[in-house]
Amino acid sequence: FCIFSLRAVANKKRRNMDVVDDATMVDASKKEEGNHHSSHSSSSEVFNYVVTAHKPTAVSYSCVGRFTHFERQNLIVARSNRIEIYLLTEEGLEPVLETAVYGRIAMLKLHEENSGNDDVPGRLIIVTEDRYSLAVLTYDAATNTLQTVSNGDVSDLTGRPVEYGMLGDIDRNTRVIGLHIYDGLLKFIPFDENGNLLQAFNTNLNELKVLDFIFLPSSSSGIATTTNETGNINDSVSINTAPSNVSSLTRSINRENAGCAGLSSMPVIAVLHKDVKDERHVSTYRVNLRDRDLEPGPFEQREVEMGSKKLLPLSSPIGGCVVIGEETVAYLNEPAGMDAEENNNNNNNNTNATMNATITTGNNTSSNVIYRGENKSSMPALVRAITTPDLLMFSSACLIPADENVSNQLIDRFLIADEDGDLYLLMLSKGRVTTTGGPTVSKLTIERLGKTSPASAISYLDNSVVFIGSAYGDSQIIKLHTEQVNTTMSDSNELPSYIEVMEEFTNLGPIVDFCVMDLERHGQGQLVTCSGVGSRGSLRVIRNGIGIREQAQIPISGVKGIYSCKRDEKAHFDSYLIVSFIAETRILAINDNDELEEAVFPGFDASSQTIECANIFGNAICQVTSKGVYVCDASSGELVTSWVPSDQSPITAGSVSENTIAIATVGSTLYYLSLQGKNITESGTITFDSEISCIDKMQCGDRNICAVGLWSTKVLLVELGSEMKVSHTEDLSLDVVPRSTLFCSFEDTIYLLTGLGDGHLITNVVVSSSSTGGLTLSDRKSVSLGTQPVTLKLFKSQHSMHVFAGSDRPTIIYSNSKKLVYANVNLNEILHVAPFNCDAFPDALALASGEHLMIGAVDDIQKLHIRMVPLGEQPRRIAHQPETKTLAVLTMKENDVHEREEEFFVRLFDDQTFETLAKYPLEPNENDASIISCCFDGDDETYFVVGTAFADPHTEPESSRGRILVFKVSDTASNDGGNGVVNASDHDDDALPNRPSASSVLQRSLTLVCEKETRGAVYNLNAFRGKLLAGINSLVKLFGWGFSKENKRELVHECSHMGHIIALKVETKDNLIVVGDLMKSITLLEYQRESGLGGIVEIAHDFSSNWMTAVDILDDNTYLGAESSYNLFTVQRNADGDTEDKRGTLDLCGAFHLGDSVNRFRRGSLVMRMPDQSDDTTSSSSSSEISTWLFGTISGSLGVVATLPKREFLLLNKVQEAMQKVVTGVGNFSHSDFRSFHNVQRSIKMQNFIDGDLVEIFLDLSKEDQDVVSKLSGVANSEDLVKKIEEISRLTH
């Protein structure tokens, strides 16, 4: 009953079945455009910007082979519509290329020639399921891009798309691609030695319900030999093959099939299918390329095991295939594969034995049984079968290549994974010589290796290292061992494991539900997603920022500055941490036990506040205080030399590096000092007309440059030396004083960062002036980091330099693709920071807040920080309650007991620590369906409300009964559950992490306040005007909050609305109710309490047939929907229509193909929404004009839908059109076709949507391409367009 993602069977309109040339494809596209639905145009249209905030993480396909290099192996991974290519190295996987494809990848195969030429890398063949487009790709090392060898459309005008998903395989010998896209049809596409696609053809297939099909191995060379006979088919690598070349190859094929090679030269396919009785069979066919038809194959096996799901071809010329079932694994081959003795014995016995039932050989996994079946050509199949160690629900498999260290008695080895994450090793052993002179398979052996993530793709890399790609858990790199790994098993039920997990890759998919928490009330959302399936289920906490892991903490308050220094200038690690206070300085040193202890430096001015401190040449440390400059020996702390201003003016700022020092004093004077031996000398001075607030100096070539911030709100660039002069003046034109300046170099670009007293940060690029020859500032930008003064400090993390901006909202700044990236830190109000790299705390930071000093390690520098909270159960729905600082999650636990296959719970978590506080079990056969946090009129309490459904999957296809449960979060003084209070300790469950200790005095728990029976599944719940709105099967019901006769709280039914198939998704705003129906698209309802109707009435309806998966409300008249064919669309209410029909119709006003399934929209933002300032007068975007909605998908991606002002949309729409002309998609696939709305009923060109992923590629283009796009977009300066797109990107994600 619980529908997360429903996919309508896509009977899309198709073009010509043959691969056509570019001109034909353009003509077909134009014809299709004429059939597009023309939607209502409204003056109040809403314009949307859709962009990916986090790329898909669920792995759908993977393969291994030589692709980017003819000598080295690659791992190629497909995630939804993205391809990732890695190089296999001794250190691990080295990323080579990541690129997006304009289509959801449905097939990924790497084709390597069997011609013996090892100097030619393979070709990548992909097919997308959105438009059934096919492309053959190669890798261009010079440009690090994928080049298209051939491409085309493999869809047909008619046909019913297959129910179980498109299937595809390649015959490597005959160079033929086979595709099963429509029921009853197989499509074959030959291609020549250059990879050019030739004329495709369809063949009829009697089997309608095909579960799998493969090409069987063949020793013949097929087309490869005939291609050589006819010469080169096409001298140049073209996108589509000319008709003359097609006919040339066709004649060649005809001669081949008419020759003496006969049947042996034909490709052979094996098909696993089921009939109307759900019985499964394996049939084989020969593909007659001359007649373009299928002929009976070498064998057929009727009635294989009912649970058979997959066919695996053998790699050796022995031939045959392996059938993977739930309880058995069988090997099938033509009878010529039997050895001589068995053949003689079988001739003397009854050869009509067939496998009419599931093969059973008992529990002995080493036993093998021989069966022979019969087919239409009277050719019985040789069958060897073996039982599986446990019920095997197949998910993926891969072949382990032959290894010289493995016994030559083994024919093939396969790794097989099931849906529960169990990994098996299947081995096929050689038998005696057959009557035809070759070996046969005599024995099958299967062994369980251990547990991994549920695999959707497996690829054997090398040296017993395997890639496990998962769509339902984290992907992994594992290593297989011959000896048991878990020798000390803690659980008595734990099975032996031969698997070592070497690395894991985060996967958020499938995201079934999520909530947005703004814990700090800064307008920046923190997402908590329900991710994973089964025991791999977890909560993923996602924040746009960087995490800092606390490693040590010292209770110190009043810190005014932190500085780190080394004991030896050649040392790798820091030894001292200098902590400055308002009237003193303390030194903390690392002792021999790696502990921080207070040290004494006789040469330091310990009674003054330290302004600057750093190592300088000569193994010395320089301290700058308000009184003077002190240089001490770094080892002993003895004073070496000192300097004080001649006029005794207090020092206000300093900058120290190498053997030079810049000092600012009261009186607006800047001193430039040099350390020569043991003496400090004044090299130059300069006085300004305003007091100096901050300074920083940098060596730039042969010049020393100092950035000087003045109280007059100016920033100056001063050339230091004997004759000091100002080379550039930057007037901030603000009423805020600069408090910190910092030079930094990112990706060969020098920036000057200026932190202001109001929390803003100004960035400038330092460039050489062509007129004066000096340095100047350009490309000024401003961004708000908080509300408190900003302090800046350089630090190194993972071999790269970063800037830590301390404020009430600390931020780490780094560069990516020549752009500055601002990542928030998961800490509050860090005002001072210093890098502190020591042996005990490598690559750490020392951070000072108001009350303590912390040593912390920086997590991976990335824009989104993801934290996992493992549950051991599958999370399905989630709600946040800020008032009690808790999260409630509905979870499902798989049960090994057959009487109760699944158990469902309501779990309560702390929203900061994610500690499990309580766990409430639902009744048997009661499934969770929905949950919200809400308040009711006349009640000050806040409640969690849970909707459920009772359904027995074996007897009741649709739920007819459910419950609404109302819980209150209570503080209990003990672990006594009593009267509906359920604590974590009340239920012994090993899956509860971080269980609270028994010694706690107060403990939050769940109290069941009331429950109400319903006549159907409660699919959704909404807080509505102090009441509760519920979608229950086909009804939308409204409940009030009242009292029963016993004076207890209860839900009281007030009114309802019927007429839906299933009210699957419901959202509300004021009196409006938007219903996303399972099949009937979007309906707008209104609660009319004040009118005489006193109930819920229908206002308007979208009469299109969309299978909805999510809805939301953009404004009072515009509504956003996601449907099961991976489309987004918006509909609009025509409230001013002149007829009742127009006012009652929701008109389509926006259409967009996302290419992924959305289960939930939530209004919120991943970025801080602060008013920013910019000197760019062309910038007109404002955070107040852009509203954002977040969504999660089944592939693990996070996206943003943002509403745009019309002026922004018109500009970005021109940019989008220009990008479609300038940027060529992988496989030459069309971006406009990919983003066009299409499902089984209709196809509509993208309208009123901007593809942010395409637009933001503009930032990565070369300057020449940026200029071309700008010109096509009507923008004179490409730099202005860069700023505009960067601004939109920053405001949205």
# chains A, B, ... in the order shown; residues from 1 in each chain; ligands from 1
$ residues_around --residues "Lys277 in chain A" --least-positions-apart "6" --cutoff "12 Å" --atoms "only C-alpha atoms" --output "NGL selection string"
:A and (209 or 303 or 306)
$ select_by_dssp --residues "range 1069-1204 of chain A" --states "strand (DSSP E)" --output "PyMOL selection string"
chain A and resi 1069+1072-1077+1082-1088+1095-1101+1108-1115+1118-1123+1127-1133+1146-1153+1158-1163+1188-1193+1198-1204
$ atom_distance --atom1 "CA of Leu1084 in chain A" --atom2 "CA of Gly1059 in chain A"
12.4 Å
$ atom_distance --atom1 "CA of Met1246 in chain A" --atom2 "CA of Thr1203 in chain A"
15.8 Å
$ closest_residue --among "A:Glu91, A:Val282, A:Glu595, A:Val825" --to "His865 in chain A" --atoms "only C-alpha atoms"
A:Val825
$ closest_atom_pairs --of "range 69-172 of chain A" --to "range 1136-1156 of chain A" --cutoff "9 Å" --atoms "only C-alpha atoms" --output "tab-separated table"
residue	atom	partner	partner_atom	distance
A:Ser80	CA	A:Asp1156	CA	7.6
A:Asn81	CA	A:Gly1155	CA	7.6
A:Tyr102	CA	A:Gly1155	CA	8.9
A:Gly103	CA	A:Gly1155	CA	6.9
A:Arg104	CA	A:Gly1155	CA	6.0
A:Asp130	CA	A:Gly1155	CA	7.4
$ residues_around --residues "Tyr1126 in chain A" --least-positions-apart "3" --cutoff "12 Å" --atoms "only C-alpha atoms" --output "PyMOL selection string"
chain A and resi 5-8+10+80+103-104+129-130+1106-1110+1121-1123+1129+1151-1159+1193-1195+1234-1240
$ write_last_selection --atoms "N, CA, C and O atoms" --output "compact mmCIF listing (two decimals), in the first residue's frame"
# COMPACT_ATOMS: atom_id res chain seq x y z
N SER A 5 7.40 5.33 -5.04
CA SER A 5 7.72 5.77 -6.39
C SER A 5 7.02 4.86 -7.37
O SER A 5 7.33 3.68 -7.43
N LEU A 6 6.04 5.34 -8.09
CA LEU A 6 5.30 4.54 -9.04
C LEU A 6 5.67 4.98 -10.45
O LEU A 6 5.65 6.16 -10.75
N ARG A 7 6.03 4.02 -11.27
CA ARG A 7 6.48 4.34 -12.62
C ARG A 7 5.42 3.88 -13.60
O ARG A 7 5.15 2.68 -13.70
N ALA A 8 4.80 4.77 -14.26
CA ALA A 8 3.84 4.41 -15.29
C ALA A 8 4.56 3.73 -16.43
O ALA A 8 5.68 4.07 -16.77
N ALA A 10 5.76 3.32 -19.78
CA ALA A 10 5.99 4.42 -20.72
C ALA A 10 5.78 3.94 -22.15
O ALA A 10 6.62 3.27 -22.72
N SER A 80 22.76 7.30 -12.19
CA SER A 80 21.64 8.00 -12.81
C SER A 80 22.06 8.51 -14.19
O SER A 80 22.24 7.72 -15.10
N GLY A 103 20.41 12.09 -20.34
CA GLY A 103 19.54 10.93 -20.33
C GLY A 103 19.88 10.03 -19.16
O GLY A 103 21.03 10.00 -18.69
N ARG A 104 18.89 9.32 -18.67
CA ARG A 104 19.09 8.38 -17.58
C ARG A 104 19.66 7.09 -18.16
O ARG A 104 19.05 6.45 -19.01
N GLU A 129 17.31 5.59 -21.14
CA GLU A 129 15.93 5.12 -21.15
C GLU A 129 14.94 6.25 -21.36
O GLU A 129 13.75 5.99 -21.58
N ASP A 130 15.37 7.51 -21.27
CA ASP A 130 14.43 8.62 -21.43
C ASP A 130 13.91 8.69 -22.86
O ASP A 130 12.71 8.80 -23.09
N ASN A 1106 -1.59 12.39 -14.64
CA ASN A 1106 -0.23 12.29 -14.12
C ASN A 1106 -0.23 11.44 -12.86
O ASN A 1106 -1.03 11.67 -11.96
N TRP A 1107 0.68 10.50 -12.80
CA TRP A 1107 0.84 9.67 -11.61
C TRP A 1107 1.78 10.42 -10.66
O TRP A 1107 2.99 10.44 -10.85
N MET A 1108 1.22 11.03 -9.62
CA MET A 1108 1.97 11.96 -8.78
C MET A 1108 2.84 11.24 -7.75
O MET A 1108 2.47 10.20 -7.20
N THR A 1109 4.01 11.83 -7.52
CA THR A 1109 4.89 11.35 -6.45
C THR A 1109 5.17 12.43 -5.41
O THR A 1109 5.58 12.12 -4.30
N ALA A 1110 4.96 13.72 -5.76
CA ALA A 1110 5.18 14.81 -4.80
C ALA A 1110 4.48 16.06 -5.32
O ALA A 1110 4.34 16.26 -6.53
N GLY A 1121 4.49 20.07 -9.11
CA GLY A 1121 4.26 18.63 -9.01
C GLY A 1121 5.40 17.83 -9.61
O GLY A 1121 6.11 18.29 -10.50
N ALA A 1122 5.59 16.62 -9.08
CA ALA A 1122 6.52 15.64 -9.65
C ALA A 1122 5.73 14.38 -9.93
O ALA A 1122 4.91 13.95 -9.11
N GLU A 1123 5.95 13.79 -11.10
CA GLU A 1123 5.19 12.59 -11.46
C GLU A 1123 6.12 11.43 -11.78
O GLU A 1123 7.34 11.58 -11.81
N PHE A 1129 6.49 19.62 -13.12
CA PHE A 1129 5.62 20.53 -13.86
C PHE A 1129 4.94 21.48 -12.87
O PHE A 1129 4.85 21.19 -11.66
N ALA A 1151 6.97 23.04 -17.57
CA ALA A 1151 7.24 21.62 -17.81
C ALA A 1151 8.74 21.41 -17.88
O ALA A 1151 9.46 22.20 -18.49
N PHE A 1152 9.19 20.30 -17.27
CA PHE A 1152 10.63 20.04 -17.18
C PHE A 1152 10.84 18.56 -16.88
O PHE A 1152 10.16 17.98 -16.03
N HIS A 1153 11.76 17.94 -17.62
CA HIS A 1153 12.11 16.54 -17.35
C HIS A 1153 13.35 16.50 -16.46
O HIS A 1153 14.43 16.92 -16.85
N LEU A 1154 13.17 16.01 -15.24
CA LEU A 1154 14.27 15.95 -14.28
C LEU A 1154 15.15 14.73 -14.50
O LEU A 1154 16.36 14.78 -14.33
N GLY A 1155 14.54 13.60 -14.87
CA GLY A 1155 15.30 12.37 -15.07
C GLY A 1155 15.52 11.59 -13.80
O GLY A 1155 16.35 10.69 -13.76
N ASP A 1156 14.77 11.91 -12.74
CA ASP A 1156 14.89 11.20 -11.47
C ASP A 1156 13.57 11.31 -10.74
O ASP A 1156 12.79 12.25 -10.97
N SER A 1157 13.33 10.37 -9.84
CA SER A 1157 12.05 10.31 -9.13
C SER A 1157 12.14 11.10 -7.83
O SER A 1157 13.04 10.87 -7.02
N VAL A 1158 11.20 12.02 -7.64
CA VAL A 1158 11.15 12.88 -6.45
C VAL A 1158 10.06 12.37 -5.52
O VAL A 1158 8.91 12.17 -5.95
N ASN A 1159 10.40 12.16 -4.26
CA ASN A 1159 9.41 11.72 -3.28
C ASN A 1159 8.92 12.84 -2.38
O ASN A 1159 7.90 12.68 -1.71
N THR A 1193 15.86 12.62 -4.24
CA THR A 1193 15.48 11.66 -5.28
C THR A 1193 15.91 10.25 -4.88
O THR A 1193 16.68 10.05 -3.95
N ILE A 1194 15.42 9.28 -5.63
CA ILE A 1194 15.75 7.89 -5.35
C ILE A 1194 17.22 7.58 -5.66
O ILE A 1194 17.77 6.63 -5.13
N SER A 1195 17.84 8.37 -6.52
CA SER A 1195 19.25 8.14 -6.85
C SER A 1195 20.20 8.81 -5.86
O SER A 1195 21.41 8.74 -6.03
N PHE A 1234 16.13 16.05 -23.95
CA PHE A 1234 16.24 15.42 -22.64
C PHE A 1234 15.38 16.15 -21.61
O PHE A 1234 14.69 15.52 -20.80
N ARG A 1235 15.39 17.47 -21.63
CA ARG A 1235 14.66 18.23 -20.63
C ARG A 1235 13.19 18.45 -21.00
O ARG A 1235 12.46 19.09 -20.25
N SER A 1236 12.75 17.94 -22.14
CA SER A 1236 11.34 18.06 -22.50
C SER A 1236 10.50 17.10 -21.65
O SER A 1236 10.87 15.95 -21.44
N PHE A 1237 9.39 17.62 -21.16
CA PHE A 1237 8.44 16.79 -20.40
C PHE A 1237 7.91 15.69 -21.32
O PHE A 1237 7.43 15.96 -22.41
N HIS A 1238 8.00 14.45 -20.88
CA HIS A 1238 7.40 13.38 -21.68
C HIS A 1238 7.02 12.22 -20.79
O HIS A 1238 7.74 11.82 -19.89
N ASN A 1239 5.83 11.71 -21.03
CA ASN A 1239 5.35 10.49 -20.40
C ASN A 1239 4.51 9.72 -21.41
O ASN A 1239 4.58 10.00 -22.60
N VAL A 1240 3.73 8.77 -20.94
CA VAL A 1240 3.02 7.89 -21.87
C VAL A 1240 1.94 8.63 -22.64
O VAL A 1240 1.57 8.23 -23.75
